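Novice: Just entry39.csv, nothing more (CSV, C-alpha atoms):
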chain,number,residue,atom,x,y,z
O,1,MET,CA,-18.5,-5.0,11.7
O,2,SER,CA,-15.8,-7.0,10.1
O,3,ILE,CA,-15.2,-6.6,6.4
O,4,THR,CA,-13.4,-10.0,6.1
O,5,ARG,CA,-13.7,-13.4,7.7
O,6,PRO,CA,-11.9,-14.0,10.9
O,7,MET,CA,-8.4,-15.3,10.5
O,8,ARG,CA,-8.6,-19.1,10.4
O,9,ARG,CA,-5.1,-19.6,11.8
O,10,PHE,CA,-5.5,-17.0,14.5
O,11,LYS,CA,-2.3,-18.1,16.4
O,12,GLN,CA,-0.3,-16.7,13.5
O,13,GLU,CA,-1.9,-13.2,13.7
O,14,ILE,CA,0.4,-10.4,14.6
O,15,PRO,CA,-0.6,-7.3,16.6
O,16,ARG,CA,-1.6,-4.0,14.9
O,17,GLU,CA,1.7,-2.4,16.0
O,18,ASP,CA,3.6,-5.0,14.0
O,19,CYS,CA,1.3,-4.3,11.0
O,20,VAL,CA,2.0,-0.6,11.2
O,21,ARG,CA,5.7,-1.2,11.5
O,22,LEU,CA,5.6,-3.4,8.5
O,23,LEU,CA,3.7,-0.8,6.4
O,24,GLN,CA,6.3,1.8,7.5
O,25,GLU,CA,9.3,-0.4,6.6
O,26,VAL,CA,8.6,-2.4,3.5
O,27,LYS,CA,9.2,-0.8,0.1
O,28,ARG,CA,6.5,-2.4,-2.1
O,29,GLY,CA,3.0,-3.7,-1.9
O,30,VAL,CA,0.3,-5.0,-4.1
O,31,LEU,CA,-2.9,-3.1,-4.8
O,32,SER,CA,-5.8,-5.3,-5.8
O,33,VAL,CA,-8.9,-4.0,-7.5
O,34,ILE,CA,-11.8,-5.3,-9.6
O,35,GLY,CA,-10.5,-4.9,-13.1
O,36,ASP,CA,-11.9,-5.2,-16.6
O,37,GLY,CA,-14.6,-7.8,-17.0
O,38,GLY,CA,-14.8,-8.4,-13.2
O,39,TYR,CA,-11.3,-10.0,-13.2
O,40,PRO,CA,-9.1,-9.3,-10.2
O,41,TYR,CA,-6.2,-6.9,-11.0
O,42,GLY,CA,-3.2,-6.8,-8.7
O,43,ILE,CA,-0.5,-4.2,-9.2
O,44,PRO,CA,2.8,-4.1,-7.4
O,45,LEU,CA,3.6,-0.5,-6.4
O,46,ASP,CA,5.5,1.9,-4.1
O,47,PHE,CA,3.6,3.4,-1.3
O,48,TYR,CA,3.7,5.6,1.8
O,49,TYR,CA,1.7,4.8,4.9
O,50,ASP,CA,0.6,7.7,7.2
O,51,GLU,CA,-0.1,6.2,10.6
O,52,THR,CA,-1.9,9.3,11.9
O,53,GLU,CA,-4.5,9.1,9.1
O,54,ASP,CA,-4.3,5.3,8.9
O,55,THR,CA,-4.1,5.8,5.2
O,56,ILE,CA,-1.9,4.4,2.4
O,57,TYR,CA,-0.9,6.7,-0.4
O,58,PHE,CA,0.5,5.8,-3.8
O,59,HIS,CA,1.1,7.6,-7.1
O,60,CYS,CA,0.3,6.7,-10.6
O,61,ALA,CA,-0.6,8.2,-14.0
O,62,LYS,CA,-3.8,10.1,-14.4
O,63,VAL,CA,-5.2,7.5,-16.8
O,64,GLY,CA,-5.0,3.7,-17.0
O,65,HIS,CA,-6.4,0.4,-15.9
O,66,LYS,CA,-6.1,1.0,-12.1
O,67,ILE,CA,-7.7,4.5,-12.4
O,68,ASP,CA,-10.6,3.1,-14.3
O,69,ALA,CA,-11.0,0.2,-11.9
O,70,ILE,CA,-11.0,2.5,-8.9
O,71,ARG,CA,-13.6,4.8,-10.5
O,72,ALA,CA,-15.8,1.8,-11.1
O,73,CYS,CA,-15.4,0.4,-7.6
O,74,ASP,CA,-13.5,2.2,-4.8
O,75,LYS,CA,-13.2,-0.9,-2.6
O,76,VAL,CA,-9.6,-2.1,-2.7
O,77,CYS,CA,-7.2,-4.5,-1.0
O,78,PHE,CA,-3.6,-3.7,-0.3
O,79,THR,CA,-1.0,-6.3,0.7
O,80,ALA,CA,2.6,-5.8,1.9
O,81,TYR,CA,5.0,-8.4,3.1
O,82,GLU,CA,8.6,-8.9,4.1
O,83,GLN,CA,11.0,-10.8,2.0
O,84,GLY,CA,11.3,-13.4,4.7
O,85,VAL,CA,13.9,-14.0,7.3
O,86,GLN,CA,15.7,-17.2,7.2
O,87,LYS,CA,16.2,-18.7,10.7
O,88,GLU,CA,18.5,-21.6,11.7
O,89,ASP,CA,16.9,-23.9,9.2
O,90,TRP,CA,16.2,-23.6,5.5
O,91,SER,CA,12.7,-22.2,5.9
O,92,TYR,CA,11.5,-18.7,5.9
O,93,HIS,CA,9.6,-16.7,8.5
O,94,VAL,CA,7.4,-14.1,6.7
O,95,ARG,CA,5.2,-11.4,8.1
O,96,SER,CA,2.5,-9.8,5.9
O,97,VAL,CA,-0.3,-7.2,6.3
O,98,ILE,CA,-3.5,-7.0,4.4
O,99,CYS,CA,-5.5,-3.8,4.4
O,100,PHE,CA,-9.1,-3.4,3.1
O,101,GLY,CA,-10.4,0.0,2.4
O,102,ARG,CA,-11.7,2.6,0.0
O,103,ALA,CA,-9.6,4.4,-2.5
O,104,GLU,CA,-10.0,8.1,-3.1
O,105,PHE,CA,-8.3,10.4,-5.7
O,106,VAL,CA,-6.4,13.3,-4.1
O,107,GLU,CA,-7.5,16.3,-6.2
O,108,ASP,CA,-5.9,19.2,-4.3
O,109,ALA,CA,-2.7,20.3,-6.0
O,110,ASP,CA,-0.9,21.2,-2.7
O,111,ARG,CA,-1.9,17.9,-1.1
O,112,THR,CA,-0.7,16.0,-4.2
O,113,CYS,CA,2.7,17.7,-4.0
O,114,GLU,CA,2.9,17.0,-0.3
O,115,MET,CA,2.2,13.3,-0.6
O,116,ALA,CA,4.4,12.9,-3.7
O,117,ARG,CA,7.2,14.5,-1.7
O,118,LEU,CA,6.7,12.0,1.2
O,119,LEU,CA,6.6,9.1,-1.2
O,120,GLY,CA,9.8,10.4,-2.9
O,121,LEU,CA,11.6,10.8,0.5
O,122,LYS,CA,10.9,7.2,1.2
O,123,TYR,CA,12.6,6.0,-2.0
O,124,TYR,CA,15.0,8.6,-3.3
O,125,PRO,CA,18.6,8.9,-2.1
O,126,ASP,CA,18.2,12.6,-1.1
O,127,ALA,CA,15.7,15.4,-0.8
O,128,GLN,CA,17.2,17.4,-3.7
O,129,SER,CA,16.4,14.6,-6.1
O,130,VAL,CA,12.9,14.5,-4.8
O,131,GLU,CA,12.5,18.3,-5.3
O,132,GLU,CA,13.9,18.1,-8.9
O,133,GLU,CA,11.5,15.3,-9.7
O,134,LEU,CA,8.5,17.2,-8.3
O,135,ARG,CA,9.4,20.4,-10.3
O,136,ARG,CA,9.6,18.4,-13.5
O,137,ASP,CA,6.7,15.9,-13.2
O,138,VAL,CA,4.3,16.6,-10.3
O,139,HIS,CA,1.7,17.9,-12.8
O,140,ARG,CA,1.5,14.4,-14.3
O,141,VAL,CA,1.0,12.6,-11.0
O,142,GLN,CA,-2.3,11.3,-9.6
O,143,ILE,CA,-2.1,10.5,-5.8
O,144,VAL,CA,-4.5,7.9,-4.5
O,145,ALA,CA,-5.4,7.5,-0.8
O,146,ILE,CA,-6.5,4.2,0.6
O,147,HIS,CA,-8.5,4.9,3.7
O,148,ILE,CA,-8.0,1.7,5.7
O,149,GLU,CA,-11.2,0.1,7.1
O,150,GLN,CA,-9.7,-3.1,8.3
O,151,MET,CA,-6.1,-4.3,8.7
O,152,THR,CA,-4.8,-7.8,9.6
O,153,GLY,CA,-1.3,-9.2,9.9
O,154,LYS,CA,0.1,-12.6,9.9
O,155,GLN,CA,3.4,-14.3,10.5
O,156,VAL,CA,4.0,-17.7,8.9
O,157,HIS,CA,6.8,-20.1,9.1
O,158,GLU,CA,7.0,-21.4,5.5
O,159,LYS,CA,8.4,-24.9,5.5
Go ahead and express the file in the form of structure tokens.
Specialist:
Amino acid sequence: MSITRPMRRFKQEIPREDCVRLLQEVKRGVLSVIGDGGYPYGIPLDFYYDETEDTIYFHCAKVGHKIDAIRACDKVCFTAYEQGVQKEDWSYHVRSVICFGRAEFVEDADRTCEMARLLGLKYYPDAQSVEEELRRDVHRVQIVAIHIEQMTGKQVHEK
């Protein structure tokens, strides 16, 4: 069963392999949740995609708006996209991926440390910096897993 509607402009759809590559390569994405008062709440954040588990991981504080929203409703949407590649003309070619799934708090301390390490290695300049950060602050980190239920990707020529 499909969670979302079929892509209207299906000729722009990209294959799953391209979606996976995009999630592995891009640095930021936007998490969307149902926030206070039923208003959408979109938060740009760093993330790590585990292809084997088909799961997106991100870290945050243990309290706050996004934590409260996920506790109220675990259904989330995550969007990541390239900055756009300018071709021979002035317009941009942009690929994006949208993932629908359910968010789950990682409660196990060892798993939290493991996922925080993988996140850090994606963004920090070296492993030593990651380990120093983990020693200092991992106790403050909440890791959230988004178990992907549906993923779609699209390439558009913005003109």
Novice: Name all residues at most 8 Å from Tyr81 (chain O) (count all atoms listed in the file; drop same-chain ones fewer than 2 positions away) and give them as a ChimeraX atom specification.
Specialist: /O:22,26,29,79,83,94-97
Novice: When you look at His65 (chain O) with a cut-off of 12 Å (counting all atoms listed in the file), what residues show up, excluding the ones that are within fewer than 6 positions of it in the same chain? I need them as a list in words.
Specialist: Ser32, Val33, Ile34, Gly35, Asp36, Gly37, Tyr39, Pro40, Tyr41, Gly42, Ile43, Arg71 and Ala72 of chain O
Novice: Could you work out how far CA of Gly38 (chain O) lies from CA of Cys60 (chain O), giving the answer in Å with one decimal?
Specialist: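 Taking CA of Cys60 (chain O) and CA of Gly38 (chain O), their separation equals 21.5 Å.
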Novice: Just checking: using all atoms listed in the file, which residue out of O:His139, O:His93, O:Lys66, O:Lys27 ends up closest to Gly120 (chain O)?
Specialist: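 Closest candidate: O:Lys27.
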Novice: Give me the residues near Val138 (chain O) as a list in words, where near means some atom within 8 Å (using all atoms listed in the file) and where sequence neighbours in that chain fewer than 6 positions away do not count.
Specialist: Thr112, Cys113 and Ala116 of chain O
Novice: Counting only C-alpha atoms, what is within 6 Å of region 146-148 of chain O, bar same-chain residues fewer than 5 positions away, as a PyMOL selection string?
Specialist: chain O and resi 55-56+100-103
Novice: Find the residue from O:Cys77, O:Asp54, O:Tyr48, O:Leu31 that sits nearest to Leu118 (chain O); use only C-alpha atoms when measuring.
Specialist: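 Comparing O:Cys77, O:Asp54, O:Tyr48, O:Leu31 against Leu118 (chain O), the winner is O:Tyr48.
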Novice: Report, in Å to a single decimal, how far apart CA of Lys122 (chain O) and CA of Asp18 (chain O) are.
Specialist: 19.1 Å
Novice: One decimal, in Å: what's the spacing between CA of Val130 (chain O) and CA of Asp46 (chain O)?
Specialist: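 Calculated distance between CA of Val130 (chain O) and CA of Asp46 (chain O) is 14.6 Å.
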